[in-house]
Amino acid sequence: MSAETQLVEVPAKETALQVYSAANGLDPFLAKIREEIDGFVPDVTTRKGREAIASIAYKVARSKTALDNVGKELVAELKEVPKKIDAERKRMRDLLDSWQAEVRKPLTEWEEAEEARVSKHKAGIEWFRSRPDEHRYSDSAQIRAAIAEVQAVKIGDPWQEFEAEALRAKANALEALSGHLASRERHEAEQAELARLRAEAAAREQKEREERIARQAAEQARRQEEAKAQAERDAAVRREAEAQAAAERRELELKLQAQQAEREKLEAQQRAEQAERDAQRRAEEAAAQERQRQADERARIEREAAAREADKAHKKAINNEALAAFVAGGMDESSARRAVTLIAQRKIPGVHIYY
């Protein structure tokens with residue numbers, strides 16, 4: 001910027017930082033501008049005077065811009081310093097991170113292998129625990145196959161520190177599957193018995209229908225035979241004893257009525273017996289259903305109890321692992337136990353145990 005268009009020389013680059021960073025550091029430069037303003041006598045009566053007023057106002061504005069640009073350039077240079085510092089910090093962090101990973105690599109590989117080993121054992125234990133739920137509604141043959149499958153899994157040294165837990169999980173699975181098997185066998189036996197009873201009842205009803213039809217047919221044939229014989233007798237004696245024939249016909253009608261009444265009585269008795277058998281069958285079915293409901297309720301209670309025990313054991317195992325980690329990290333057992341308890345009770349903000 002030309003000195004002719006401003007009222008003061010700007011600070012030199014070598015001293016600019018000192019001038020701008022000092023309190024009121026620009027006062028000498030501002031005082032010089034003020035001196036130029038105070039020494040100027042404005043005259044608006046002539047064109048030259050008016051041009052002079054505009055010229056000095058322009059120089060004040062250009063002086064402001066010049067002084068401001070020096071400060072702006074100084075700030076821009078200072079802003080580059082943090083960027084260079086941050087770049088060097090990042091280079092240092094990246095290098096030390098790589099060195100840390102290099103130093104820790106054997107431990108990291110061991111921890112990954114340890115995690116895989118523990119996960120494998122836990123998956124095996126979870127397999128035991130899932131068997132009862134998977135076969136809760138299976139038939140007895142499937143449950144027996146599941147029991148054989150669980151029994152075939154050997155628990156020993158390869159399970160390492162999980163051997164005791166695996167033994168408990170296997171025993172719990174066998175116990176639960178045995179309960180499922182007993183319940184299913186009872187249910188299947190009851191269903192078979194119900195089917196047998198229904199088949200027997202259907203056979204009795206069929207036999208009674210056939211016997212009733214046979215009796216009715218025989219009775220009809222007998223009545224037809226008797227009517228035929230009576231007609232022949234009536235034809236033979238009609239001319240000789242009309243009055244006697246009428247009496248005999250009346251006697252026959254009464255006899256037929258008595259026979260019909262007897263048949264109706266027998267049929268009513270048979271219907272009553274059938275109704276009694278139907279009521280007995282319904283009562284037996286209701287009793288069987290109630291036994292099944294009670295068995296299902298006992299099985300549900302046993303499953304819920306087993307689930308609660310499994311959850312309790314699961315949480316205890318995880319808490320014990322956390323306790324062991326605290327102790328391994330240098331805490332005494334009492335303090336470690338208290339820490340695990342507080343975390344499990346969610347009294348430590350931001351810290352959780354995931355079960």
# chains A, B, ... in the order shown; residues from 1 in each chain; ligands from 1

$ residues_around --residues "Arg300 (chain A)" --least-positions-apart "5" --cutoff "12 Å" --atoms "only C-alpha atoms" --output "list in words"
Asp133, Arg136, Tyr137, Ala176, Gly179, His180, Ser183, Arg293, Gln294, Ala295, Ala305, Ala306 and Ala307 of chain A

$ closest_atom_pairs --of "region 221-333 of chain A" --to "region 204-216 of chain A" --cutoff "10 Å" --atoms "only C-alpha atoms" --output "tab-separated table"
residue	atom	partner	partner_atom	distance
A:Ala221	CA	A:Gln216	CA	8.5
A:Arg222	CA	A:Gln216	CA	9.7
A:Arg263	CA	A:Gln216	CA	9.1
A:Glu267	CA	A:Arg212	CA	8.8
A:Gln270	CA	A:Glu208	CA	9.0
A:Gln274	CA	A:Glu205	CA	8.2

$ write_last_selection --atoms "C-alpha atoms" --output "mmCIF file, in the first residue's frame"
data_model
loop_
_atom_site.group_PDB
_atom_site.id
_atom_site.type_symbol
_atom_site.label_atom_id
_atom_site.label_comp_id
_atom_site.auth_asym_id
_atom_site.auth_seq_id
_atom_site.Cartn_x
_atom_site.Cartn_y
_atom_site.Cartn_z
ATOM 1 C CA ALA A 221 -91.042 -111.074 10.090
ATOM 2 C CA ARG A 222 -92.785 -112.716 13.006
ATOM 3 C CA ARG A 263 -90.728 -102.818 22.404
ATOM 4 C CA GLU A 267 -85.874 -99.116 23.383
ATOM 5 C CA GLN A 270 -81.536 -99.028 25.816
ATOM 6 C CA GLN A 274 -76.493 -95.500 26.192
#

$ atom_distance --atom1 "CA of Val327 (chain A)" --atom2 "CA of Trp159 (chain A)"
23.4 Å

$ residues_around --residues "Ile343 (chain A)" --least-positions-apart "3" --cutoff "12 Å" --atoms "only C-alpha atoms" --output "VMD selection string"
chain A and resid 319 322 to 323 336 to 340 346 to 354

$ residues_around --residues "region 193-202 of chain A" --least-positions-apart "5" --cutoff "12 Å" --atoms "only C-alpha atoms" --output "ChimeraX atom specification"
/A:186-188,207-209,274-275,277-289

$ write_last_selection --atoms "C-alpha atoms" --output "PDB file, in the first residue's frame"
ATOM      1  CA  ARG A 186     -47.730 -90.128  30.605  1.00  0.00           C
ATOM      2  CA  HIS A 187     -49.403 -87.953  27.994  1.00  0.00           C
ATOM      3  CA  GLU A 188     -48.918 -90.532  25.234  1.00  0.00           C
ATOM      4  CA  LYS A 207     -72.925-104.006  17.937  1.00  0.00           C
ATOM      5  CA  GLU A 208     -76.004-102.667  19.708  1.00  0.00           C
ATOM      6  CA  ARG A 209     -77.271-101.062  16.506  1.00  0.00           C
ATOM      7  CA  GLN A 274     -76.493 -95.500  26.192  1.00  0.00           C
ATOM      8  CA  ALA A 275     -76.851 -92.060  27.797  1.00  0.00           C
ATOM      9  CA  ARG A 277     -72.376 -94.876  29.016  1.00  0.00           C
ATOM     10  CA  ASP A 278     -71.894 -91.553  27.201  1.00  0.00           C
ATOM     11  CA  ALA A 279     -71.870 -89.663  30.509  1.00  0.00           C
ATOM     12  CA  GLN A 280     -69.317 -92.107  31.935  1.00  0.00           C
ATOM     13  CA  ARG A 281     -67.119 -91.689  28.856  1.00  0.00           C
ATOM     14  CA  ARG A 282     -67.258 -87.882  29.105  1.00  0.00           C
ATOM     15  CA  ALA A 283     -66.366 -88.074  32.798  1.00  0.00           C
ATOM     16  CA  GLU A 284     -63.368 -90.306  32.008  1.00  0.00           C
ATOM     17  CA  GLU A 285     -62.198 -87.901  29.293  1.00  0.00           C
ATOM     18  CA  ALA A 286     -62.575 -84.910  31.644  1.00  0.00           C
ATOM     19  CA  ALA A 287     -60.568 -86.731  34.336  1.00  0.00           C
ATOM     20  CA  ALA A 288     -57.820 -87.525  31.834  1.00  0.00           C
ATOM     21  CA  GLN A 289     -57.702 -83.898  30.691  1.00  0.00           C
TER      22      GLN A 289
END

$ atom_distance --atom1 "CA of Ala145 (chain A)" --atom2 "CA of Glu297 (chain A)"
24.5 Å

$ atom_distance --atom1 "CA of Ser130 (chain A)" --atom2 "CA of Ala173 (chain A)"
8.0 Å

$ residues_around --residues "Val70 (chain A)" --least-positions-apart "4" --cutoff "8 Å" --atoms "only C-alpha atoms" --output "PyMOL selection string"
chain A and resi 10-11+16+66+74

$ residues_around --residues "Ala54 (chain A)" --least-positions-apart "3" --cutoff "12 Å" --atoms "only C-alpha atoms" --output "VMD selection string"
chain A and resid 5 40 42 to 44 47 to 51 57 to 61

$ write_last_selection --atoms "N, CA and C atoms" --output "PDB file, in the first residue's frame"
ATOM      1  N   THR A   5      -1.206   7.225   0.198  1.00  0.00           N
ATOM      2  CA  THR A   5      -2.650   7.045   0.412  1.00  0.00           C
ATOM      3  C   THR A   5      -2.990   6.743   1.856  1.00  0.00           C
ATOM      4  N   PHE A  40      -5.507  19.413  10.185  1.00  0.00           N
ATOM      5  CA  PHE A  40      -6.178  19.711   8.929  1.00  0.00           C
ATOM      6  C   PHE A  40      -7.337  20.670   9.193  1.00  0.00           C
ATOM      7  N   PRO A  42     -10.639  22.072   7.475  1.00  0.00           N
ATOM      8  CA  PRO A  42     -11.543  21.813   6.363  1.00  0.00           C
ATOM      9  C   PRO A  42     -12.127  23.106   5.795  1.00  0.00           C
ATOM     10  N   ASP A  43     -12.323  23.103   4.463  1.00  0.00           N
ATOM     11  CA  ASP A  43     -12.912  24.258   3.791  1.00  0.00           C
ATOM     12  C   ASP A  43     -13.850  23.739   2.722  1.00  0.00           C
ATOM     13  N   VAL A  44     -15.132  23.935   2.928  1.00  0.00           N
ATOM     14  CA  VAL A  44     -16.123  23.427   1.980  1.00  0.00           C
ATOM     15  C   VAL A  44     -16.596  24.504   1.012  1.00  0.00           C
ATOM     16  N   ARG A  47     -13.942  24.201  -4.278  1.00  0.00           N
ATOM     17  CA  ARG A  47     -13.824  22.823  -4.785  1.00  0.00           C
ATOM     18  C   ARG A  47     -12.565  22.163  -4.277  1.00  0.00           C
ATOM     19  N   LYS A  48     -11.456  22.915  -4.275  1.00  0.00           N
ATOM     20  CA  LYS A  48     -10.187  22.365  -3.779  1.00  0.00           C
ATOM     21  C   LYS A  48     -10.308  21.980  -2.312  1.00  0.00           C
ATOM     22  N   GLY A  49     -10.991  22.794  -1.526  1.00  0.00           N
ATOM     23  CA  GLY A  49     -11.159  22.491  -0.102  1.00  0.00           C
ATOM     24  C   GLY A  49     -11.979  21.226   0.106  1.00  0.00           C
ATOM     25  N   ARG A  50     -13.032  21.085  -0.693  1.00  0.00           N
ATOM     26  CA  ARG A  50     -13.857  19.885  -0.568  1.00  0.00           C
ATOM     27  C   ARG A  50     -13.085  18.635  -0.975  1.00  0.00           C
ATOM     28  N   GLU A  51     -12.273  18.769  -2.041  1.00  0.00           N
ATOM     29  CA  GLU A  51     -11.442  17.619  -2.472  1.00  0.00           C
ATOM     30  C   GLU A  51     -10.424  17.261  -1.400  1.00  0.00           C
ATOM     31  N   ALA A  57     -10.041  12.012   4.429  1.00  0.00           N
ATOM     32  CA  ALA A  57     -10.934  10.943   4.902  1.00  0.00           C
ATOM     33  C   ALA A  57     -10.549   9.601   4.284  1.00  0.00           C
ATOM     34  N   TYR A  58     -10.214   9.647   2.982  1.00  0.00           N
ATOM     35  CA  TYR A  58      -9.785   8.438   2.286  1.00  0.00           C
ATOM     36  C   TYR A  58      -8.511   7.886   2.899  1.00  0.00           C
ATOM     37  N   LYS A  59      -7.545   8.826   3.240  1.00  0.00           N
ATOM     38  CA  LYS A  59      -6.285   8.387   3.832  1.00  0.00           C
ATOM     39  C   LYS A  59      -6.506   7.751   5.207  1.00  0.00           C
ATOM     40  N   VAL A  60      -7.497   8.268   5.993  1.00  0.00           N
ATOM     41  CA  VAL A  60      -7.815   7.642   7.295  1.00  0.00           C
ATOM     42  C   VAL A  60      -8.302   6.204   7.070  1.00  0.00           C
ATOM     43  N   ALA A  61      -9.186   6.004   6.091  1.00  0.00           N
ATOM     44  CA  ALA A  61      -9.702   4.665   5.787  1.00  0.00           C
ATOM     45  C   ALA A  61      -8.602   3.733   5.323  1.00  0.00           C
TER      46      ALA A  61
END

$ closest_residue --among "A:Glu77, A:Arg62, A:Glu185, A:Ser55" --to "Leu17 (chain A)" --atoms "only C-alpha atoms"
A:Glu77
